[in-house]
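Text of the file run33.cif, holding mmCIF, C-alpha atoms:
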data_my_file
loop_
_atom_site.label_atom_id
_atom_site.label_comp_id
_atom_site.auth_asym_id
_atom_site.auth_seq_id
_atom_site.Cartn_x
_atom_site.Cartn_y
_atom_site.Cartn_z
CA MET A 672 0.35 13.63 26.76
CA LYS A 673 -0.59 9.93 26.77
CA ASP A 674 -3.66 10.75 24.68
CA LEU A 675 -1.57 12.75 22.26
CA ILE A 676 0.88 9.90 21.71
CA ALA A 677 -1.97 7.40 21.29
CA ASN A 678 -3.67 9.69 18.77
CA PHE A 679 -0.40 10.11 16.90
CA PHE A 680 -0.03 6.34 16.54
CA ALA A 681 -3.70 6.00 15.57
CA VAL A 682 -3.24 8.56 12.77
CA LEU A 683 -0.02 6.86 11.69
CA TRP A 684 -1.71 3.46 11.63
CA PHE A 685 -4.74 4.75 9.77
CA PHE A 686 -2.85 6.55 7.02
CA GLY A 687 0.09 4.18 6.91
CA VAL A 688 -1.67 0.83 7.02
CA MET A 689 -5.45 0.88 7.19
CA LEU A 690 -6.24 3.20 4.33
CA GLY A 691 -3.98 1.32 1.91
CA THR A 692 -5.30 -2.06 3.02
CA LEU A 693 -8.90 -0.93 2.63
CA ALA A 694 -8.24 0.52 -0.83
CA LEU A 695 -6.44 -2.68 -1.85
CA SER A 696 -9.29 -4.80 -0.53
CA VAL A 697 -11.90 -2.79 -2.44
CA PHE A 698 -9.93 -3.18 -5.70
CA THR A 699 -9.39 -6.88 -4.94
CA LEU A 700 -13.10 -7.36 -4.36
CA ILE A 701 -13.87 -5.81 -7.75
CA GLY A 702 -11.02 -7.75 -9.39
CA ILE A 703 -12.06 -11.12 -7.97
CA TYR A 704 -15.56 -10.67 -9.28
CA SER A 705 -14.87 -9.08 -12.67
CA MET A 706 -11.65 -10.89 -13.59
CA ASN A 707 -11.29 -14.16 -11.72
CA ILE A 708 -14.87 -15.33 -11.21
CA MET A 709 -16.25 -13.98 -14.49
CA GLY A 710 -13.09 -15.13 -16.29
CA MET A 711 -13.51 -18.68 -15.02
CA LEU A 712 -17.22 -18.71 -15.82
CA LYS A 713 -16.61 -17.44 -19.36
CA SER A 714 -13.62 -19.65 -20.20
CA GLY A 715 -14.45 -22.75 -18.18
CA PHE A 716 -10.82 -22.95 -17.07
CA SER A 717 -9.51 -22.57 -13.58
CA SER A 718 -7.30 -19.66 -12.59
CA GLN A 719 -5.07 -18.68 -9.72
CA THR A 720 -7.00 -17.61 -6.63
CA VAL A 721 -5.96 -14.50 -4.76
CA GLY A 722 -8.97 -13.77 -2.57
CA PHE A 723 -7.82 -15.63 0.52
CA LEU A 724 -4.46 -13.91 0.48
CA PHE A 725 -6.16 -10.53 0.73
CA CYS A 726 -8.58 -11.92 3.33
CA PHE A 727 -5.54 -12.81 5.41
CA ILE A 728 -4.07 -9.31 5.02
CA LEU A 729 -7.34 -7.48 5.76
CA GLY A 730 -8.25 -9.83 8.62
CA SER A 731 -4.85 -9.34 10.22
CA VAL A 732 -5.11 -5.55 9.95
CA ILE A 733 -8.63 -5.59 11.45
CA ALA A 734 -7.40 -7.85 14.27
CA VAL A 735 -4.42 -5.64 15.12
CA THR A 736 -6.60 -2.51 14.95
CA GLY A 737 -9.08 -4.06 17.34
CA TRP A 738 -6.55 -5.42 19.80
CA VAL A 739 -4.20 -2.45 20.12
CA PRO A 740 -5.96 0.29 22.15
CA ALA A 741 -4.12 3.13 20.39
CA PHE A 742 -5.07 1.82 16.93
CA ARG A 743 -8.63 1.20 18.12
CA ARG A 744 -9.03 4.96 18.33
CA CYS A 745 -9.41 4.95 14.52
CA TYR A 746 -12.81 3.32 15.05
CA TYR A 747 -13.86 5.85 17.68
CA LYS A 748 -12.85 8.88 15.66
CA LEU A 749 -14.21 7.60 12.35
CA PRO A 750 -17.58 5.99 13.01
CA TRP A 751 -17.89 4.67 9.43
CA LEU A 752 -14.63 2.76 9.65
CA TYR A 753 -15.68 -0.24 11.74
CA PRO A 754 -18.82 -1.00 9.68
CA LEU A 755 -16.79 -0.56 6.48
CA CYS A 756 -14.03 -2.91 7.66
CA THR A 757 -16.48 -5.55 8.90
CA ILE A 758 -18.75 -5.55 5.86
CA LEU A 759 -15.82 -5.37 3.44
CA PHE A 760 -14.14 -8.32 5.17
CA MET A 761 -17.36 -10.34 5.09
CA ASP A 762 -17.86 -9.54 1.40
CA LEU A 763 -14.28 -10.40 0.55
CA PHE A 764 -14.39 -13.68 2.46
CA ILE A 765 -17.64 -14.78 0.84
CA LEU A 766 -16.39 -13.94 -2.65
CA SER A 767 -13.06 -15.64 -1.94
CA ILE A 768 -14.87 -18.87 -1.01
CA THR A 769 -16.83 -18.66 -4.28
CA GLU A 770 -13.59 -18.08 -6.21
CA PHE A 771 -11.96 -21.01 -4.40
CA ILE A 772 -14.86 -23.37 -5.18
CA LEU A 773 -14.87 -22.37 -8.86
CA ALA A 774 -11.09 -22.74 -9.14
CA LYS A 775 -11.17 -26.21 -7.57
CA GLY A 776 -14.17 -27.32 -9.60
CA PHE A 777 -12.89 -26.01 -12.92
CA SER A 778 -9.44 -27.56 -12.48
CA VAL A 779 -10.75 -30.65 -14.26
CA ILE A 780 -12.57 -30.28 -17.57
CA ASP A 781 -15.72 -32.30 -17.07
CA PRO A 782 -19.26 -31.00 -17.85
CA ILE A 783 -20.86 -32.73 -14.85
CA ARG A 784 -18.16 -31.45 -12.52
CA HIS A 785 -18.58 -27.94 -13.96
CA ALA A 786 -22.35 -28.02 -13.43
CA LEU A 787 -21.95 -29.28 -9.85
CA THR A 788 -19.34 -26.61 -9.17
CA LEU A 789 -21.66 -23.89 -10.41
CA ILE A 790 -24.52 -25.17 -8.24
CA ILE A 791 -22.32 -25.42 -5.13
CA ALA A 792 -20.82 -21.97 -5.73
CA ALA A 793 -24.26 -20.40 -6.23
CA ILE A 794 -25.66 -22.07 -3.09
CA GLN A 795 -22.60 -21.06 -1.06
CA PHE A 796 -22.83 -17.45 -2.21
CA VAL A 797 -26.57 -17.14 -1.48
CA VAL A 798 -26.35 -18.92 1.90
CA CYS A 799 -23.38 -16.81 3.02
CA ARG A 800 -25.05 -13.56 1.92
CA VAL A 801 -28.27 -14.52 3.73
CA ALA A 802 -26.26 -15.37 6.86
CA MET A 803 -24.45 -12.03 6.58
CA CYS A 804 -27.79 -10.18 6.26
CA TRP A 805 -29.20 -12.07 9.23
CA TYR A 806 -26.16 -11.23 11.35
CA LEU A 807 -26.16 -7.55 10.41
CA ASN A 808 -29.89 -7.38 11.01
CA LYS A 809 -29.51 -8.91 14.46
CA TYR A 810 -26.39 -6.90 15.34
CA PRO A 811 -26.70 -3.73 13.26
CA MET A 812 -23.75 -1.50 12.58
CA VAL A 813 -25.46 1.61 13.99
CA LEU A 814 -22.90 3.23 16.19
CA HIS A 815 -25.07 5.67 18.05
CA LYS A 816 -27.07 2.72 19.31
CA TYR A 817 -24.22 1.98 21.70
CA ASP A 818 -24.27 5.55 22.83
CA ARG A 819 -27.96 5.35 23.64
CA ILE A 820 -27.46 2.09 25.55
CA GLU A 821 -24.64 3.55 27.56
CA MET B 690 -36.56 13.99 49.07
CA ASN B 691 -33.86 16.53 48.27
CA GLU B 692 -31.40 13.72 47.73
CA ILE B 693 -33.69 12.05 45.21
CA ARG B 694 -34.08 15.30 43.26
CA GLN B 695 -30.34 15.80 43.28
CA GLU B 696 -29.79 12.31 41.80
CA SER B 697 -32.39 12.74 39.11
CA LYS B 698 -30.85 16.06 38.08
CA GLU B 699 -27.48 14.37 37.64
CA VAL B 700 -28.98 11.64 35.49
CA ARG B 701 -30.70 14.22 33.26
CA ARG B 702 -27.45 16.12 32.84
CA GLU B 703 -25.77 12.96 31.50
CA GLN B 704 -28.55 12.05 29.12
CA PHE B 705 -29.21 15.41 27.49
CA ARG B 706 -25.82 16.83 26.79
CA PRO B 707 -25.95 19.47 24.06
CA GLU B 708 -24.98 18.17 20.67
CA GLU B 709 -22.51 19.95 18.44
CA ASN B 710 -22.92 19.99 14.68
CA GLY B 711 -25.46 17.20 15.02
CA VAL B 712 -22.69 14.59 15.26
CA SER B 713 -22.04 14.63 18.95
CA TYR B 714 -22.75 10.92 19.21
CA VAL B 715 -19.45 10.34 17.46
CA GLN B 716 -17.68 12.20 20.20
CA ASP B 717 -19.76 10.47 22.85
CA ILE B 718 -18.46 7.06 21.89
CA GLY B 719 -14.85 8.00 22.07
CA ASP B 720 -14.67 10.78 24.53
CA THR B 721 -17.28 10.16 27.15
CA ALA B 722 -19.09 6.88 27.12
CA ASP B 723 -16.08 4.80 26.31
CA LYS B 724 -13.77 6.70 28.63
CA GLN B 725 -16.29 6.54 31.45
CA GLN B 726 -16.48 2.80 31.05
CA ARG B 727 -12.72 2.55 30.99
CA ARG B 728 -12.42 4.64 34.10
CA LYS B 729 -14.76 2.18 35.80
CA GLY B 730 -12.51 -0.62 34.56
CA GLN B 731 -15.15 -1.90 32.14
CA GLU B 732 -15.26 -2.02 28.37
CA SER B 733 -18.07 -0.28 26.53
CA PRO B 734 -20.26 -2.56 24.38
CA PHE B 735 -18.73 -0.94 21.29
CA THR B 736 -15.19 -1.67 22.46
CA GLY B 737 -16.23 -5.17 23.44
CA ARG B 738 -17.64 -5.70 19.98
CA ILE B 739 -14.46 -4.40 18.34
CA ILE B 740 -12.28 -6.74 20.41
CA ARG B 741 -14.52 -9.72 19.77
CA GLY B 742 -14.61 -8.79 16.10
CA ALA B 743 -10.81 -8.62 16.05
CA GLY B 744 -10.65 -12.17 17.39
CA VAL B 745 -13.07 -13.40 14.75
CA ALA B 746 -11.19 -11.51 12.02
CA PHE B 747 -7.90 -13.05 13.16
CA ALA B 748 -9.36 -16.56 13.17
CA ALA B 749 -10.81 -15.94 9.70
CA ALA B 750 -7.46 -14.57 8.52
CA ILE B 751 -5.66 -17.73 9.66
CA LEU B 752 -8.31 -19.88 7.99
CA ALA B 753 -7.90 -17.82 4.80
CA LEU B 754 -4.15 -18.34 4.91
CA ILE B 755 -4.59 -22.10 5.26
CA LEU B 756 -7.08 -22.18 2.38
CA PHE B 757 -4.76 -20.03 0.27
CA ALA B 758 -1.89 -22.43 0.95
CA THR B 759 -3.99 -25.45 -0.02
CA GLY B 760 -5.03 -23.78 -3.27
CA HIS B 761 -1.42 -23.13 -4.24
CA GLY B 762 1.39 -25.63 -4.49
CA GLY B 763 3.64 -23.09 -2.91
CA ARG B 764 6.71 -24.97 -4.01
CA SER B 765 9.81 -22.87 -4.40
CA VAL B 766 12.28 -23.35 -7.19
CA ASP B 767 14.82 -26.05 -6.37
CA LYS B 768 18.31 -24.60 -6.19
CA SER B 769 20.28 -27.81 -5.86
CA ILE B 770 23.24 -28.57 -8.12
CA TYR B 771 21.17 -31.13 -10.11
CA VAL B 772 18.76 -28.50 -11.42
CA GLU B 773 21.18 -27.08 -13.99
CA ASP B 774 21.64 -30.52 -15.52
CA ALA B 775 17.88 -31.12 -15.49
CA ILE B 776 17.23 -27.82 -17.31
CA GLU B 777 19.81 -28.73 -19.92
CA THR B 778 18.96 -32.41 -20.49
CA HIS B 779 15.27 -32.32 -19.41
CA VAL B 780 15.87 -35.62 -17.63
CA SER B 781 16.84 -36.30 -14.03
CA THR B 782 17.30 -39.39 -11.93
CA THR B 783 18.19 -37.41 -8.81
CA LEU B 784 15.42 -34.81 -8.51
CA GLY B 785 12.36 -36.02 -6.69
CA VAL B 786 8.68 -36.04 -7.58
CA GLY B 787 7.15 -32.55 -7.63
CA THR B 788 10.44 -30.70 -8.04
CA ARG B 789 10.10 -27.21 -9.46
CA ILE B 790 13.10 -26.23 -11.55
CA LEU B 791 11.94 -22.99 -13.18
CA LYS B 792 10.28 -19.88 -11.90
CA ARG B 793 8.53 -19.11 -15.18
CA ASP B 794 7.51 -21.23 -18.16
CA ASP B 795 10.14 -21.43 -20.89
CA ASN B 796 7.81 -22.44 -23.79
CA TYR B 797 9.85 -25.60 -24.25
CA ILE B 798 8.38 -28.01 -26.80
CA GLY B 799 9.75 -31.45 -26.09
CA GLY B 800 9.57 -34.69 -27.98
CA ASP B 801 8.60 -38.33 -27.65
CA MET B 802 10.61 -40.75 -25.55
CA THR B 803 11.18 -44.44 -25.20
CA ILE B 804 11.68 -45.61 -21.64
CA MET B 805 13.52 -48.88 -21.19
CA HIS B 806 13.19 -50.62 -17.85
CA SER B 807 13.74 -54.01 -16.30
CA SER B 808 10.90 -54.01 -13.81
CA ASP B 809 8.90 -57.24 -13.65
CA LYS B 810 5.89 -55.53 -12.07
CA GLU B 811 2.68 -55.42 -14.06
CA GLU B 812 1.80 -51.87 -13.00
CA THR B 813 3.66 -48.75 -12.15
CA THR B 814 2.88 -45.21 -11.00
CA LEU B 815 3.08 -42.13 -13.17
CA TYR B 816 3.27 -38.65 -11.61
CA VAL B 817 2.48 -35.46 -13.54
CA TRP B 818 3.06 -31.90 -12.34
CA ASP B 819 3.98 -28.40 -13.50
CA TYR B 820 7.71 -27.87 -13.03
CA ALA B 821 7.51 -24.10 -13.63
CA ALA B 822 4.87 -21.53 -12.73
CA GLU B 823 1.32 -22.70 -12.01
CA ASP B 824 -0.19 -20.74 -14.86
CA GLY B 825 -3.28 -22.73 -15.71
CA ASP B 826 -1.91 -25.33 -18.13
CA TYR B 827 -4.21 -28.28 -18.76
CA VAL B 828 -3.17 -31.73 -19.96
CA GLN B 829 -4.88 -35.03 -20.56
CA VAL B 830 -3.18 -38.39 -20.13
CA PHE B 831 -3.91 -41.30 -22.47
CA VAL B 832 -2.70 -44.87 -21.98
CA ASP B 833 -2.71 -47.00 -25.13
CA GLY B 834 -5.20 -44.58 -26.65
CA ALA B 835 -7.65 -44.61 -23.73
CA PRO B 836 -7.97 -41.42 -21.65
CA LEU B 837 -7.07 -41.60 -17.96
CA GLY B 838 -9.80 -39.23 -16.82
CA GLU B 839 -10.65 -35.77 -18.06
CA PRO B 840 -8.20 -32.97 -18.89
CA PHE B 841 -6.94 -31.38 -15.67
CA MET B 842 -4.96 -28.36 -14.60
CA ILE B 843 -1.38 -29.23 -13.73
CA ARG B 844 -0.03 -27.78 -10.51
CA SER B 845 3.24 -28.05 -8.71
CA THR B 846 1.59 -30.72 -6.56
CA PRO B 847 1.91 -34.00 -8.52
CA VAL B 848 -1.09 -36.00 -9.68
CA SER B 849 -0.55 -39.76 -9.76
CA PHE B 850 -1.88 -42.42 -12.11
CA THR B 851 -1.50 -46.18 -12.00
CA ILE B 852 -0.53 -47.44 -15.45
CA PRO B 853 0.72 -50.73 -16.96
CA SER B 854 4.50 -51.04 -16.89
CA VAL B 855 4.51 -51.79 -20.63
CA CYS B 856 2.36 -49.35 -22.54
CA GLU B 857 2.25 -46.14 -24.53
CA VAL B 858 1.53 -43.01 -22.53
CA LYS B 859 0.47 -39.87 -24.36
CA VAL B 860 0.31 -36.50 -22.64
CA VAL B 861 -1.85 -34.07 -24.62
CA GLY B 862 -1.76 -30.33 -24.00
CA THR B 863 -5.37 -29.15 -23.85
CA HIS B 864 -5.06 -25.59 -22.61
CA ASP B 865 -2.09 -23.29 -22.62
CA GLY B 866 -1.77 -20.88 -19.75
CA GLY B 867 1.59 -19.59 -20.98
CA GLY B 868 3.57 -22.50 -22.37
CA ILE B 869 2.59 -26.00 -21.27
CA THR B 870 5.50 -27.16 -19.17
CA TYR B 871 5.08 -30.38 -17.28
CA ALA B 872 7.15 -33.08 -15.71
CA VAL B 873 6.43 -36.79 -15.58
CA TYR B 874 8.02 -39.26 -13.20
CA TYR B 875 7.87 -42.97 -13.87
CA GLU B 876 8.31 -45.13 -10.82
CA VAL B 877 9.33 -47.97 -13.09
CA ASP B 878 12.67 -46.33 -14.00
CA GLN B 879 12.67 -43.72 -11.21
CA THR B 880 13.36 -40.93 -13.65
CA THR B 881 11.81 -37.51 -14.10
CA TYR B 882 11.27 -36.13 -17.60
CA PHE B 883 10.85 -32.35 -17.80
CA ASN B 884 8.90 -31.94 -20.97
CA GLY B 885 6.73 -29.41 -22.76
CA THR B 886 4.13 -29.20 -25.45
CA SER B 887 1.79 -26.75 -27.12
CA GLN B 888 -1.99 -26.51 -26.97
CA GLY B 889 -3.29 -29.42 -29.03
CA GLY B 890 0.19 -30.97 -29.20
CA ASP B 891 1.29 -34.14 -27.42
CA ASN B 892 4.27 -36.15 -26.20
CA THR B 893 4.35 -39.93 -26.30
CA TYR B 894 6.27 -42.08 -23.82
CA THR B 895 6.72 -45.68 -24.81
CA LEU B 896 7.45 -47.94 -21.86
CA VAL B 897 9.37 -51.04 -22.93
CA ARG B 898 10.59 -53.91 -20.75
CA GLU B 899 14.15 -54.96 -21.59
#
Can I see the file as C-alpha cells?
Amino acid sequence: MKDLIANFFAVLWFFGVMLGTLALSVFTLIGIYSMNIMGMLKSGFSSQTVGFLFCFILGSVIAVTGWVPAFRRCYYKLPWLYPLCTILFMDLFILSITEFILAKGFSVIDPIRHALTLIIAAIQFVVCRVAMCWYLNKYPMVLHKYDRIE
Amino acid sequence: MNEIRQESKEVRREQFRPEENGVSYVQDIGDTADKQQRRKGQESPFTGRIIRGAGVAFAAAILALILFATGHGGRSVDKSIYVEDAIETHVSTTLGVGTRILKRDDNYIGGDMTIMHSSDKEETTLYVWDYAAEDGDYVQVFVDGAPLGEPFMIRSTPVSFTIPSVCEVKVVGTHDGGGITYAVYYEVDQTTYFNGTSQGGDNTYTLVRE
C-alpha cells in the first residue's frame, strides 16, 4: 500500500511537474541560443536575460525530485531521466552564463568592450564544456554500472 | 566445506538473476539493489548520487536566482499618490532616484528643459534610469558637447554621472527598444524629469545658476 501511494505521487510529480519543466527547459535552451545569444551577437545590443530564471526553476525541480523519496522513484523507473536532467541542467547553466556575460558586456556600446566580452564569453563556454566533459567522463551517467557495483 | 558451498551458491544466485526483456538492470536499480540497501539502512550509490546531485542543483538554483536578480533591476511600479502627478507633468520633486512609474513604455517624446538652481557647488550628480520597462533602450549623455562615456543601456537601476552645476546636458537616444523612456535626476535641484526621445533624437537640459 505504501509503495502504491509513493508510486502514485511519483507519477503525479512526473506528469504534473517534471515533464513540463523539462520541455520548458529544452525550449529555453534552444531559445537562449537562437534568439538571445545570436540576437545579441548580430545586433551588438544587449537584451533581457532569461536563462538563470529557468536554471532556478529546473534546479529547484531536480532538487525536490532528489530529496523526496517518493519523487525519486521517477529516476528509478525511468533510467534516462536522471542523465537527461543532469546534462540538461549543466547545458542550461553554461549557456545562461554565456548569455549573462554577453548581456553585461553589450550593455555599453564600445568596440573594445564588445571584443573583450566576446573573448570572455568564448573562453567561459569552452572551459565550462570541457569541465562538463571531464566530469561526465569521470562519473559517467551509465546506470547499470551501479547495478554491477552493487 | 558444505557451508562454504552453500554460501557460494547464494552469491551466484544474486549475481545471475535472469533478465527480462533485456532491461532487467532497470528493475534491479529500483526493485532489488536499491531496496536491499535501504533494508540494510544504507543508500545505494545511485541514490547517494541523486541526493548529492539534488544538493548541488539546489545550490546552483539559488546562485542562478541571485544572478538573475542582479541582471534585472526588479523594481516594481511605484503606486504612491505622487506617481499620477509625475505621469501627467513628467516632473517630480517627491519621487526618489530610480523610481519606476510605468509598467510599459508609453512612447513619450519629451522636450528640452532649463533648470534653474541656486546651488553654489561647482559640481553636481546626474542620475539616469529607465522609468518604464527595461526594454533595451540605449542613450548617450553629452555635457557641453563632450560625451560622458559610450552609449549605454538604461535600466531601472540608475547610472550616475558627475557634471558641472552650470552646463548643458544632452541625452541622445541611440537605440530604441520600444520607445526610449528615461528619467534624469539632478541633485542640484533635487528634481526628477521623466522624459522620452526617439532613436537619434535628443533632449537638452540647460543648468543655470540663479
Handout entry: Hits of the PyMOL selection byres ((chain B) within 6 of (chain A)) in this structure, as number ranges by chain
Key = B: 714, 719, 739-740, 743, 746-747, 750, 753-754, 757, 825, 839-842
For the selection you just gave me, I'd like the residues written to a file as a PDB file, in the coordinates of the input, keeping C-alpha atoms.
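part23.pdb was written with the following content:
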ATOM      1  CA  TYR B 714     -22.750  10.920  19.210  1.00  0.00           C
ATOM      2  CA  GLY B 719     -14.850   8.000  22.070  1.00  0.00           C
ATOM      3  CA  ILE B 739     -14.460  -4.400  18.340  1.00  0.00           C
ATOM      4  CA  ILE B 740     -12.280  -6.740  20.410  1.00  0.00           C
ATOM      5  CA  ALA B 743     -10.810  -8.620  16.050  1.00  0.00           C
ATOM      6  CA  ALA B 746     -11.190 -11.510  12.020  1.00  0.00           C
ATOM      7  CA  PHE B 747      -7.900 -13.050  13.160  1.00  0.00           C
ATOM      8  CA  ALA B 750      -7.460 -14.570   8.520  1.00  0.00           C
ATOM      9  CA  ALA B 753      -7.900 -17.820   4.800  1.00  0.00           C
ATOM     10  CA  LEU B 754      -4.150 -18.340   4.910  1.00  0.00           C
ATOM     11  CA  PHE B 757      -4.760 -20.030   0.270  1.00  0.00           C
ATOM     12  CA  GLY B 825      -3.280 -22.730 -15.710  1.00  0.00           C
ATOM     13  CA  GLU B 839     -10.650 -35.770 -18.060  1.00  0.00           C
ATOM     14  CA  PRO B 840      -8.200 -32.970 -18.890  1.00  0.00           C
ATOM     15  CA  PHE B 841      -6.940 -31.380 -15.670  1.00  0.00           C
ATOM     16  CA  MET B 842      -4.960 -28.360 -14.600  1.00  0.00           C
TER      17      MET B 842
END
Practice task
Taking (-21.0, -23.5, -9.8) in the file's own coordinates, collect the residues within 12 Å, counting all atoms listed in the file, and hand them back as an MDAnalysis selection string.
Solution key: chainID A and resid 708:709 711:712 715 768:777 782:797
Please give the centre and size of the box around region 769-779 of chain A (axis-aligned, containing every atom listed in the file, 5 Å added per side), with values in Å to one decimal and written as JSON.
{"center_x": -13.1, "center_y": -24.4, "center_z": -9.3, "size_x": 17.4, "size_y": 22.6, "size_z": 20.0}
Exercise for the section: Identify, on the basis of all atoms listed in the file, every residue whose closest approach to region 782-796 of chain B does not exceed 9 Å; exclude the query and any residue fewer than 3 positions from it along the same chain; express the result as a PyMOL selection string. Expected result: chain B and resi 764-769+771-773+775-776+816-824+845-847+867-870+872-874+878-882+885-887
For the residues in that selection, give me C-alpha atoms as a CSV table (one decimal), keeping the file's coordinate frame.
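Contents of result08.csv, freshly written:
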chain,number,residue,atom,x,y,z
B,764,ARG,CA,6.7,-25.0,-4.0
B,765,SER,CA,9.8,-22.9,-4.4
B,766,VAL,CA,12.3,-23.4,-7.2
B,767,ASP,CA,14.8,-26.0,-6.4
B,768,LYS,CA,18.3,-24.6,-6.2
B,769,SER,CA,20.3,-27.8,-5.9
B,771,TYR,CA,21.2,-31.1,-10.1
B,772,VAL,CA,18.8,-28.5,-11.4
B,773,GLU,CA,21.2,-27.1,-14.0
B,775,ALA,CA,17.9,-31.1,-15.5
B,776,ILE,CA,17.2,-27.8,-17.3
B,816,TYR,CA,3.3,-38.6,-11.6
B,817,VAL,CA,2.5,-35.5,-13.5
B,818,TRP,CA,3.1,-31.9,-12.3
B,819,ASP,CA,4.0,-28.4,-13.5
B,820,TYR,CA,7.7,-27.9,-13.0
B,821,ALA,CA,7.5,-24.1,-13.6
B,822,ALA,CA,4.9,-21.5,-12.7
B,823,GLU,CA,1.3,-22.7,-12.0
B,824,ASP,CA,-0.2,-20.7,-14.9
B,845,SER,CA,3.2,-28.0,-8.7
B,846,THR,CA,1.6,-30.7,-6.6
B,847,PRO,CA,1.9,-34.0,-8.5
B,867,GLY,CA,1.6,-19.6,-21.0
B,868,GLY,CA,3.6,-22.5,-22.4
B,869,ILE,CA,2.6,-26.0,-21.3
B,870,THR,CA,5.5,-27.2,-19.2
B,872,ALA,CA,7.2,-33.1,-15.7
B,873,VAL,CA,6.4,-36.8,-15.6
B,874,TYR,CA,8.0,-39.3,-13.2
B,878,ASP,CA,12.7,-46.3,-14.0
B,879,GLN,CA,12.7,-43.7,-11.2
B,880,THR,CA,13.4,-40.9,-13.6
B,881,THR,CA,11.8,-37.5,-14.1
B,882,TYR,CA,11.3,-36.1,-17.6
B,885,GLY,CA,6.7,-29.4,-22.8
B,886,THR,CA,4.1,-29.2,-25.4
B,887,SER,CA,1.8,-26.8,-27.1
Problem - Atomic distance CA of Tyr894 (chain B) - CA of Ser807 (chain B), expressed in Å with one decimal - result: 16.0 Å
Practice task
Kindly give the distance, in Å, that separates CA of Val877 (chain B) and CA of Ser854 (chain B), rounded to a single decimal.
Solution key: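 CA of Ser854 (chain B) lies at a distance of 6.9 Å from CA of Val877 (chain B).
In terms of minimum interatomic distance to Leu755 (chain A), A:Leu690 ranks closest within A:Leu690, A:Ile701, A:Ile676, A:Phe742, counting all atoms listed in the file.
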